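Peer 1: What follows is structure02.txt; its format and atoms are compact mmCIF, C-alpha atoms and all ligand atoms.
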```txt
# COMPACT_ATOMS: atom_id res chain seq x y z
CA MET A 1 28.91 -17.78 43.39
CA ALA A 2 28.20 -14.32 42.06
CA LEU A 3 25.20 -13.36 39.95
CA ARG A 4 25.94 -13.84 36.26
CA GLN A 5 26.15 -11.17 33.60
CA ALA A 6 23.27 -12.64 31.55
CA THR A 7 20.82 -12.54 34.47
CA ARG A 8 21.81 -8.95 35.29
CA ASP A 9 21.12 -7.75 31.76
CA GLU A 10 17.70 -6.21 31.14
CA GLN A 11 17.45 -7.05 27.45
CA THR A 12 18.34 -10.71 28.01
CA VAL A 13 15.80 -11.05 30.83
CA ARG A 14 13.12 -9.33 28.73
CA GLN A 15 13.77 -11.78 25.88
CA VAL A 16 13.36 -14.69 28.27
CA LEU A 17 10.07 -13.26 29.59
CA GLU A 18 8.71 -12.88 26.04
CA GLY A 19 9.96 -16.32 24.98
CA THR A 20 8.29 -17.95 27.97
CA VAL A 21 4.93 -16.39 27.13
CA GLU A 22 5.28 -17.79 23.60
CA ALA A 23 6.14 -21.25 24.95
CA LEU A 24 3.11 -21.20 27.25
CA GLU A 25 0.83 -20.03 24.45
CA GLN A 26 2.03 -22.82 22.14
CA ASP A 27 1.21 -25.31 24.88
CA ASP A 28 2.52 -28.43 23.10
CA SER A 29 2.10 -31.74 24.86
CA VAL A 30 5.76 -32.09 25.92
CA SER A 31 6.07 -28.70 27.58
CA ARG A 32 2.56 -29.08 29.06
CA ALA A 33 3.55 -32.32 30.78
CA LEU A 34 6.73 -30.71 32.09
CA ALA A 35 4.88 -27.67 33.32
CA CYS A 36 2.20 -29.73 35.11
CA GLU A 37 4.89 -31.67 36.94
CA ALA A 38 6.93 -28.56 37.75
CA VAL A 39 4.08 -26.48 39.15
CA GLU A 40 2.43 -29.56 40.66
CA VAL A 41 -0.97 -29.32 39.03
CA HIS A 42 -3.03 -32.11 37.51
CA ALA A 43 -3.54 -32.03 33.72
CA ASP A 44 -7.20 -31.08 34.34
CA GLY A 45 -6.16 -27.91 36.13
CA TRP A 46 -3.44 -26.94 33.68
CA SER A 47 -5.27 -24.55 31.40
CA GLY A 48 -6.37 -22.29 34.30
CA CYS A 49 -2.87 -22.41 35.75
CA ARG A 50 -1.32 -21.67 32.36
CA ASP A 51 -3.58 -18.63 31.90
CA ARG A 52 -2.52 -17.29 35.29
CA LEU A 53 1.16 -17.76 34.46
CA ILE A 54 0.75 -15.99 31.10
CA GLU A 55 -1.12 -13.15 32.78
CA ASP A 56 1.55 -12.90 35.44
CA LEU A 57 4.37 -12.76 32.88
CA LEU A 58 2.55 -10.17 30.77
CA GLN A 59 1.90 -8.07 33.86
CA ALA A 60 5.61 -8.30 34.68
CA GLU A 61 6.45 -7.00 31.20
CA ASP A 62 3.92 -4.18 31.58
CA TRP A 63 5.35 -3.32 34.99
CA LEU A 64 8.85 -3.08 33.53
CA ASP A 65 7.62 -0.83 30.71
CA ARG A 66 5.78 1.40 33.17
CA GLU A 67 8.73 1.71 35.55
CA THR A 68 11.05 2.51 32.66
CA ALA A 69 8.67 5.22 31.40
CA LEU A 70 8.13 6.65 34.90
CA ALA A 71 11.87 6.78 35.54
CA GLN A 72 12.14 9.36 32.73
CA LEU A 73 9.77 11.73 34.55
CA PRO A 74 11.17 13.96 37.29
CA GLY A 75 9.55 13.33 40.68
CA ALA A 76 7.68 10.18 39.62
CA PRO A 77 7.15 7.63 42.42
CA VAL A 78 9.12 4.69 40.99
CA ASP A 79 10.02 1.62 43.04
CA GLN A 80 13.30 0.95 41.35
CA ASP A 81 16.82 2.24 41.94
CA ASP A 82 18.92 3.72 39.22
CA ASP A 83 21.23 0.76 39.65
CA LEU A 84 24.00 -0.59 37.48
CA ASP A 85 22.45 -4.03 37.42
CA PHE A 86 18.96 -5.04 36.40
CA MET A 87 17.40 -5.78 39.78
CA PRO A 88 13.72 -4.87 39.54
CA SER A 89 11.50 -5.18 42.61
CA HIS A 90 9.08 -7.53 40.87
CA PRO A 91 8.51 -11.13 42.01
CA THR A 92 7.98 -12.71 38.58
CA VAL A 93 11.02 -11.05 37.05
CA ALA A 94 13.13 -12.11 40.04
CA LEU A 95 11.92 -15.72 39.71
CA VAL A 96 12.81 -15.72 36.02
CA GLN A 97 16.29 -14.45 36.94
CA SER A 98 16.65 -17.17 39.62
CA ALA A 99 15.65 -19.83 37.06
CA MET A 100 18.18 -18.45 34.57
CA GLU A 101 20.91 -18.71 37.23
CA GLU A 102 19.99 -22.35 37.87
CA ARG A 103 20.04 -23.21 34.18
CA LEU A 104 23.38 -21.45 33.74
CA ASP A 105 24.82 -23.71 36.44
CA LEU A 106 24.45 -26.46 33.82
CA VAL A 107 24.97 -24.80 30.44
CA SER A 108 27.05 -21.88 29.17
CA ALA A 109 25.37 -18.58 28.27
CA ASP A 110 26.00 -19.37 24.58
CA ALA A 111 24.24 -22.74 24.88
CA PHE A 112 21.28 -21.29 26.80
CA ASP A 113 18.12 -21.89 24.74
CA ILE A 114 14.73 -20.61 25.87
CA ARG A 115 12.98 -23.32 23.77
CA ASP A 116 14.85 -26.12 25.55
CA VAL A 117 12.35 -28.19 27.57
CA ARG A 118 14.88 -28.57 30.40
CA TRP A 119 15.07 -24.79 30.70
CA LEU A 120 11.27 -24.56 30.68
CA SER A 121 11.09 -27.19 33.41
CA THR A 122 13.49 -25.19 35.61
CA LEU A 123 11.54 -22.03 34.93
CA TYR A 124 8.17 -23.60 35.71
CA HIS A 125 9.59 -24.93 38.98
CA ARG A 126 10.45 -21.37 39.96
CA LEU A 127 7.16 -19.91 38.70
CA ARG A 128 5.38 -22.39 40.93
CA ALA A 129 5.87 -19.77 43.65
CA ARG A 130 3.31 -17.61 41.83
CA VAL A 131 0.58 -20.23 42.24
CA ARG A 132 1.74 -21.97 45.43
CA GLY A 133 1.29 -19.27 48.07
CA LYS A 134 3.67 -18.21 50.82
CA ALA A 135 5.53 -20.24 53.43
CA PRO A 136 3.73 -20.18 56.81
CA PHE A 137 4.52 -17.19 59.06
CA PRO A 138 5.87 -18.33 62.47
CA GLU A 139 4.14 -16.40 65.26
CA HIS A 140 4.92 -15.91 68.93
CA ALA A 141 2.84 -17.89 71.45
CA ARG A 142 3.73 -15.57 74.35
CA LEU A 143 4.79 -11.93 74.34
CA GLU A 144 8.11 -12.98 75.92
CA ASP A 145 8.96 -15.08 72.87
CA PHE A 146 11.70 -14.08 70.45
CA ARG A 147 13.43 -11.84 73.07
CA PHE A 148 17.17 -12.38 73.45
CA GLU A 149 19.89 -11.07 75.74
CA LEU A 150 22.53 -8.66 74.53
CA ALA A 151 25.60 -8.19 76.77
CA ASP A 152 26.04 -4.69 78.25
CA ARG A 153 29.28 -4.46 76.31
CA ALA A 154 28.73 -6.00 72.90
CA SER A 155 29.29 -5.32 69.22
CA VAL A 156 26.76 -5.85 66.45
CA ALA A 157 27.41 -5.61 62.71
CA LEU A 158 24.38 -4.49 60.66
CA VAL A 159 24.52 -5.18 56.93
CA SER A 160 21.78 -5.08 54.33
CA ASP A 161 21.05 -5.97 50.71
CA TRP A 162 24.14 -8.13 50.86
CA GLY A 163 22.98 -11.53 49.44
CA THR A 164 24.60 -11.39 46.00
CA GLY A 165 27.32 -14.00 46.54
CA GLY A 166 29.72 -11.66 44.71
CA ARG A 167 33.19 -10.33 45.44
CA HIS A 168 31.97 -7.10 47.05
CA ALA A 169 29.79 -9.16 49.42
CA ALA A 170 32.87 -11.25 50.25
CA ALA A 171 34.92 -8.08 50.87
CA VAL A 172 32.27 -6.69 53.24
CA ALA A 173 32.02 -10.04 55.07
CA ARG A 174 35.81 -10.11 55.51
CA GLN A 175 35.78 -6.60 56.99
CA ILE A 176 33.01 -7.67 59.37
CA ALA A 177 35.16 -10.67 60.37
CA ARG A 178 38.13 -8.35 61.04
CA ARG A 179 36.02 -6.44 63.57
CA ASP A 180 35.03 -9.73 65.27
CA PRO A 181 31.49 -8.69 66.35
CA ASP A 182 29.33 -10.66 68.78
CA HIS A 183 26.37 -10.52 66.40
CA VAL A 184 25.80 -10.05 62.68
CA ILE A 185 22.33 -8.97 61.56
CA HIS A 186 21.42 -9.01 57.88
CA LEU A 187 18.55 -6.64 57.11
CA GLY A 188 17.46 -8.75 54.17
CA ASP A 189 17.51 -9.41 50.41
CA VAL A 190 19.06 -12.60 49.12
CA TYR A 191 19.05 -12.34 45.32
CA TYR A 192 17.27 -12.89 43.11
CA SER A 193 14.26 -14.45 44.81
CA GLY A 194 15.58 -16.10 47.99
CA THR A 195 15.32 -19.67 46.70
CA PRO A 196 16.88 -22.45 48.83
CA ARG A 197 19.76 -22.59 46.31
CA GLU A 198 20.36 -18.86 46.66
CA VAL A 199 20.09 -18.98 50.46
CA HIS A 200 22.89 -21.56 50.55
CA LEU A 201 25.14 -20.03 47.88
CA HIS A 202 24.64 -16.33 48.52
CA PHE A 203 24.15 -16.33 52.29
CA LEU A 204 25.17 -19.38 54.34
CA ASP A 205 28.19 -20.42 52.26
CA MET A 206 29.38 -16.81 52.01
CA TRP A 207 29.33 -16.26 55.77
CA ARG A 208 31.01 -19.62 56.31
CA ALA A 209 33.80 -18.71 53.88
CA HIS A 210 34.34 -15.06 54.79
CA GLY A 211 32.35 -14.05 57.88
CA PRO A 212 33.23 -14.01 61.56
CA SER A 213 33.22 -17.51 63.03
CA ARG A 214 32.42 -16.49 66.63
CA ALA A 215 29.38 -14.29 65.89
CA ARG A 216 25.73 -15.21 66.20
CA TYR A 217 23.86 -14.53 62.95
CA TRP A 218 20.40 -13.02 62.48
CA ALA A 219 18.43 -12.22 59.36
CA LEU A 220 15.39 -10.10 58.56
CA ASN A 221 12.91 -10.98 55.87
CA ALA A 222 12.70 -8.79 52.75
CA ASN A 223 11.07 -8.42 49.37
CA HIS A 224 13.57 -10.50 47.39
CA ASP A 225 13.49 -13.27 50.04
CA MET A 226 9.72 -13.47 49.59
CA TYR A 227 9.69 -13.59 45.77
CA CYS A 228 10.00 -17.40 45.92
CA GLY A 229 7.28 -17.48 48.60
CA GLY A 230 9.76 -17.26 51.49
CA TYR A 231 10.56 -21.00 51.40
CA GLY A 232 14.32 -20.40 51.33
CA TYR A 233 14.21 -17.87 54.19
CA PHE A 234 11.78 -19.68 56.52
CA GLY A 235 12.70 -23.25 55.57
CA HIS A 236 16.49 -23.04 55.19
CA LEU A 237 17.98 -19.78 56.38
CA LEU A 238 16.26 -19.38 59.77
CA PRO A 239 16.82 -23.02 60.88
CA ALA A 240 20.49 -22.82 59.81
CA ILE A 241 21.16 -19.80 62.06
CA GLY A 242 18.85 -20.93 64.88
CA GLN A 243 16.46 -17.99 64.63
CA PRO A 244 12.89 -18.95 65.51
CA ALA A 245 10.95 -16.32 63.57
CA SER A 246 11.29 -13.35 61.24
CA TYR A 247 10.88 -10.85 64.11
CA PHE A 248 12.96 -10.72 67.26
CA SER A 249 14.49 -8.39 69.80
CA LEU A 250 17.96 -8.36 71.27
CA GLY A 251 18.52 -6.12 74.27
CA ASN A 252 20.23 -5.20 77.53
CA ALA A 253 19.36 -2.73 80.30
CA ALA A 254 20.18 0.30 78.15
CA TRP A 255 19.31 -0.64 74.58
CA ARG A 256 17.01 -2.96 72.65
CA LEU A 257 17.36 -3.80 68.96
CA ILE A 258 13.95 -4.73 67.54
CA GLY A 259 13.94 -6.51 64.19
CA LEU A 260 10.62 -6.57 62.33
CA ASP A 261 9.50 -8.35 59.16
CA THR A 262 8.48 -5.99 56.34
CA GLY A 263 8.87 -8.64 53.63
CA TYR A 264 6.08 -11.12 54.36
CA VAL A 265 3.63 -8.41 53.35
CA ASN A 266 5.77 -6.32 51.03
CA GLY A 267 6.63 -2.96 52.59
CA SER A 268 4.22 -3.49 55.48
CA PHE A 269 3.85 -5.33 58.79
CA THR A 270 1.68 -8.17 60.05
CA THR A 271 -0.78 -7.92 62.94
CA PRO A 272 0.96 -10.50 65.21
CA GLN A 273 4.17 -8.49 65.07
CA MET A 274 2.38 -5.34 66.14
CA THR A 275 0.84 -7.10 69.15
CA TRP A 276 4.27 -8.43 70.12
CA LEU A 277 5.93 -5.05 69.52
CA GLU A 278 3.83 -3.42 72.28
CA ALA A 279 5.57 -5.66 74.82
CA GLN A 280 9.06 -4.74 73.66
CA PHE A 281 8.91 -1.23 75.11
CA ALA A 282 8.70 -2.39 78.75
CA GLY A 283 11.66 -1.24 80.87
CA ARG A 284 14.08 1.62 80.29
CA ALA A 285 16.04 0.27 77.35
CA ARG A 286 16.06 2.62 74.34
CA PRO A 287 14.48 0.84 71.36
CA ILE A 288 16.24 0.82 67.98
CA LEU A 289 14.14 -0.46 65.12
CA LEU A 290 15.59 -2.64 62.35
CA THR A 291 13.63 -3.26 59.14
CA HIS A 292 14.43 -4.08 55.56
CA HIS A 293 12.16 -1.47 54.03
CA HIS A 294 12.71 2.23 54.39
CA LEU A 295 10.62 5.02 55.77
CA LEU A 296 12.35 7.88 53.93
CA SER A 297 14.11 8.03 50.60
CA ALA A 298 15.30 10.70 48.20
CA PHE A 299 14.89 8.32 45.27
CA ARG A 300 12.10 5.83 46.02
CA LYS A 301 8.51 5.92 47.17
CA ARG A 302 8.24 6.78 50.86
CA GLY A 303 7.39 3.91 53.25
CA SER A 304 4.00 5.31 54.22
CA ALA A 305 2.52 1.92 55.21
CA LEU A 306 5.24 1.42 57.81
CA GLU A 307 4.62 4.86 59.25
CA GLN A 308 0.88 4.20 59.50
CA TRP A 309 1.37 0.91 61.35
CA LEU A 310 3.87 2.53 63.73
CA GLU A 311 1.91 5.76 64.19
CA PRO A 312 1.07 5.29 67.91
CA HIS A 313 4.69 4.52 68.74
CA LEU A 314 6.04 7.38 66.65
CA ALA A 315 3.54 9.78 68.21
CA ALA A 316 4.63 8.61 71.68
CA GLY A 317 8.32 9.10 70.79
CA ARG A 318 9.17 5.49 71.60
CA PHE A 319 11.89 4.80 69.02
CA HIS A 320 15.37 6.14 69.59
CA GLY A 321 16.68 5.07 66.20
CA TRP A 322 15.81 3.15 63.03
CA PHE A 323 18.12 1.36 60.61
CA TRP A 324 16.82 0.13 57.28
CA GLY A 325 18.08 -1.06 53.88
CA HIS A 326 16.23 -1.75 50.60
CA GLU A 327 17.55 1.41 49.00
CA HIS A 328 21.17 0.76 48.13
CA HIS A 329 22.77 3.79 49.73
CA LEU A 330 24.40 4.79 53.00
CA VAL A 331 22.48 7.79 54.34
CA GLU A 332 22.13 9.69 57.60
CA TYR A 333 18.79 11.50 57.58
CA ALA A 334 17.87 14.42 59.78
CA ASP A 335 15.82 13.17 62.75
CA HIS A 336 12.28 12.34 61.71
CA ARG A 337 9.65 12.71 64.47
CA GLY A 338 12.46 12.41 67.01
CA VAL A 339 13.86 9.19 65.46
CA ARG A 340 17.45 8.89 64.21
CA CYS A 341 17.00 7.37 60.76
CA ARG A 342 19.83 5.62 58.91
CA CYS A 343 19.80 3.78 55.58
CA ILE A 344 22.51 1.10 55.25
CA GLY A 345 21.40 -0.64 52.03
CA HIS A 346 24.89 -0.34 50.47
CA GLY A 347 25.89 -3.89 51.56
CA ALA A 348 26.81 -5.40 48.20
CA LEU A 349 24.33 -4.69 45.42
CA PRO A 350 25.90 -2.35 42.84
CA TYR A 351 24.58 1.19 42.89
CA VAL A 352 25.43 4.39 41.14
CA PRO A 353 26.98 6.88 43.59
CA PRO A 354 24.10 9.23 44.38
CA ASP A 355 23.73 12.62 42.81
CA LEU A 356 21.40 14.63 45.02
CA LEU A 357 20.58 16.93 42.13
CA THR A 358 18.53 14.05 40.74
CA ARG A 359 16.62 13.38 43.95
CA ARG A 360 12.94 12.64 43.42
CA HIS A 361 11.56 13.37 46.86
CA PRO A 362 12.28 16.13 49.36
CA VAL A 363 14.03 14.61 52.40
CA ASP A 364 16.56 16.15 54.77
CA ILE A 365 19.87 14.39 54.40
CA VAL A 366 22.70 15.09 56.82
CA ARG A 367 25.34 12.78 55.32
CA ILE A 368 25.41 10.44 52.36
CA GLU A 369 28.13 8.14 51.03
CA THR A 370 29.28 9.43 47.65
CA ARG A 371 32.63 7.64 47.31
CA ARG A 372 33.21 5.00 44.65
CA SER A 373 34.29 1.45 45.26
CA PRO A 374 38.09 1.40 44.86
CA THR A 375 37.92 -1.94 43.04
CA ASP A 376 35.14 -0.88 40.62
CA LEU A 377 34.89 2.85 39.96
CA ALA A 378 31.52 2.49 38.19
CA ARG A 379 29.78 1.68 41.47
CA GLY A 380 29.40 3.22 44.90
CA MET A 381 31.29 2.13 48.01
CA HIS A 382 29.87 -0.82 49.94
CA GLY A 383 29.98 -1.41 53.68
CA PHE A 384 28.17 -1.99 56.96
CA ALA A 385 27.41 -0.37 60.33
CA LEU A 386 29.31 -1.54 63.40
CA LEU A 387 27.39 -0.85 66.62
CA THR A 388 29.47 -1.00 69.80
CA PHE A 389 27.34 -0.97 72.95
CA ASP A 390 29.15 0.26 76.04
CA GLY A 391 26.57 0.45 78.81
CA PRO A 392 24.46 3.57 78.17
CA VAL A 393 26.63 4.72 75.25
CA LEU A 394 26.40 3.43 71.70
CA HIS A 395 29.23 4.05 69.24
CA ILE A 396 28.42 3.55 65.56
CA GLU A 397 31.04 3.30 62.84
CA TYR A 398 30.12 3.02 59.18
CA VAL A 399 32.86 0.74 57.88
CA ASP A 400 33.57 0.42 54.17
CA GLU A 401 34.55 -2.61 52.09
CA GLU A 402 38.26 -1.74 52.48
CA GLY A 403 38.10 -1.42 56.27
CA GLY A 404 38.06 2.40 56.25
CA THR A 405 35.46 4.58 57.97
CA ALA A 406 32.84 6.55 56.06
CA TRP A 407 31.91 8.35 59.27
CA ALA A 408 31.19 7.58 62.92
CA GLU A 409 28.72 8.81 65.52
CA ARG A 410 27.80 8.36 69.15
CA TRP A 411 24.31 7.88 70.56
CA ASP A 412 23.55 8.30 74.25
FE FE B 1 14.83 -4.85 49.06
```
Can the structure from this file be put into structure tokens for me?
Peer 2:
Amino acid sequence: MALRQATRDEQTVRQVLEGTVEALEQDDSVSRALACEAVEVHADGWSGCRDRLIEDLLQAEDWLDRETALAQLPGAPVDQDDDLDFMPSHPTVALVQSAMEERLDLVSADAFDIRDVRWLSTLYHRLRARVRGKAPFPEHARLEDFRFELADRASVALVSDWGTGGRHAAAVARQIARRDPDHVIHLGDVYYSGTPREVHLHFLDMWRAHGPSRARYWALNANHDMYCGGYGYFGHLLPAIGQPASYFSLGNAAWRLIGLDTGYVNGSFTTPQMTWLEAQFAGRARPILLTHHHLLSAFRKRGSALEQWLEPHLAAGRFHGWFWGHEHHLVEYADHRGVRCRCIGHGALPYVPPDLLTRRHPVDIVRIETRRSPTDLARGMHGFALLTFDGPVLHIEYVDEEGGTAWAERWD
């Protein structure tokens, strides 16, 4: 089920944010009882909880105002794409959008009423994530954990920012199925906030309906997956695909794909992963890093925290390549510190075809997808990367939503 028009509209979402603050400030006995039940706090603890929720919602409004103002300034370090849809990288806003989707499962957009206690109950259930804390982070017990075999001749589809449940996501999944890969790896973002409902509708059901049936599936954690606290990703998605943790490696004698979690701590890593990572470089296989968040971008803030964590490995020239998403473009960057850097965040979320004249940050781009989607000329072309491992040679084809090729390259 695709994301609805009302939840993708900035003005509508802003009205819901403001209306919720008013409802919390009124604090009548009916909505208070609902809220206590929804966020699982005792009546004695409600007033402190209510204050935190109000503060959180007001901060979300301030954040939106600030990002909007910054976006007008050339070169400002915003954390938001110039997208067609309203998809801000803010946990509270994403949770409000998830709650709106749930309510709109039951009532039409015309009948949606922000004063309705049933709506408030749904919303408070989602906002519980803001006071509940994160799902536990599964860690390795031994350095050999979370390492998996990749055949010497194998194909792997990489796709990112794909969890919309919409028709472009279905088109991309069908093209992946046509190529019949051995593995499919999603680099993260199930919209809006990775709730269990969204994990089932926008990820598992979509692959079941349109994806390759023979492939093994993998998924990285990301910012949107963590906006609900990661309970959908860790509690539903990973068990459904048989993946033990949010970091893993998949390799053969010549190559090793290393997937790391940059969502649990937004845009950063966790210490256990870094300890485990050290052990992944043993042997002669060339490491290729997979993360949700980016290192480089012409339009968003640079991923400096990732670079700091990885500094010893970058200085030692350990990574052969790095694929990331988060920014919704397909980009080949010039090598950075000896690493082939590719952004493949054009999986399904609508984006405006890039105009490099409006770039905010100086980065060296070799190739960038500028074509429009043939089924919706307002948005850029979607697609995925198909990696075909053939012993020491790796062929990479950037396949679009119609089965065509944006470009191809060979690594060896
Ligand atoms: Fe993201």
Peer 1: For Ser31 in chain A, please output as a ChimeraX atom specification all residues within 12 Å (counting all atoms listed in the file; exclusion window: fewer than 5 positions along the same chain).
Peer 2: /A:20,22-26,36-39,43,46,50,114-124
Peer 1: Please find the residues contacting ligand FE 1 (chain B) at a distance of at most 9 Å between atoms, with only C-alpha atoms and all ligand atoms counted, and report them as a PyMOL selection string.
Peer 2: chain A and resi 89+160-161+188-190+222-225+263+292-293+325-328+345
Peer 1: Which residues are near Leu220 in chain A? Cut-off 7 Å, only C-alpha atoms, ignore same chain within fewer than 6 positions. Put them as a ChimeraX atom specification.
Peer 2: /A:186-188,246,259,261,292
Peer 1: List the neighbours of Val184 in chain A out to 7 Å using all atoms listed in the file; skip same-chain residues closer than 4 positions along the sequence, and give me the result as a PyMOL selection string.
Peer 2: chain A and resi 156-158+215-218
Peer 1: What does the distance from CA of Ala282 in chain A to CA of Ala315 in chain A come to in Å, to one decimal?
Peer 2: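 Value for the CA of Ala282 in chain A-CA of Ala315 in chain A distance: 16.9 Å.
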Peer 1: Excluding Thr12 in chain A and its own-chain neighbours fewer than 5 positions away, which residues fall within 12 Å of it when counting only C-alpha atoms? Please give them as a list in words.
Peer 2: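 Everything that qualifies: Arg4, Gln5, Ala6, Thr7, Leu17, Glu18, Gly19, Phe86, Val93, Val96, Gln97, Met100, Ala109, Phe112, Asp113 and Ile114 of chain A.
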Peer 1: Hey, which of A:Leu84, A:Val159, A:Ala245, A:Ala135 ends up closest to Arg8 in chain A? Count all atoms listed in the file.
Peer 2: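 Using all atoms listed in the file, Arg8 in chain A sits closest to A:Leu84.
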Peer 1: Using only C-alpha atoms, which protein or nucleic acid residues come within 6 Å of range 394-403 of chain A? Drop anything in the same chain fewer than 2 positions from it, and give the result as a PyMOL selection string.
Peer 2: chain A and resi 171-172+175+382-389+405-411
Peer 1: Can you work out which one of A:Cys341, A:Tyr333, A:Arg128, A:Pro138 has the shortest atom-to-atom distance to Thr270 in chain A, counting all atoms listed in the file?
Peer 2: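 Of all the options, A:Pro138 lies closest to Thr270 in chain A.
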Peer 1: Looking at only C-alpha atoms, which of A:Ala151, A:Leu204, A:Ala69, A:Ala209 is the one that sits closest to Gly251 in chain A?
Peer 2: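 Under the stated criterion, the closest residue is A:Ala151.
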Peer 1: Give me the box for range 107-112 of chain A as lines of an AutoDock Vina configuration file, namely the centre and edge lengths in Å to one decimal of a box along x, y and z that holds every listed atom plus 3 Å on each side.
Peer 2:
```
center_x = 24.2
center_y = -21.7
center_z = 27.5
size_x = 11.8
size_y = 12.2
size_z = 11.9
```
Peer 1: Given the choices A:Phe137, A:Tyr351, A:Trp162, A:Trp207, which gets closest to Tyr192 in chain A if the distance is worked out from only C-alpha atoms?
Peer 2: A:Trp162
Peer 1: So which one's closest to Ala316 in chain A, A:Gly48, A:Gly165, A:Pro136, A:Gly338? Using all atoms listed in the file, please.
Peer 2: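 Smallest distance to Ala316 in chain A is found for A:Gly338.
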Peer 1: To one decimal place, how far is CA of Asp28 in chain A from CA of Glu101 in chain A in Å?
Peer 2: 25.1 Å
Peer 1: At what distance in Å, to one decimal, does CA of Leu290 in chain A lie from CA of Asp145 in chain A?
Peer 2: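 Separation of CA of Asp145 in chain A and CA of Leu290 in chain A: 17.6 Å.
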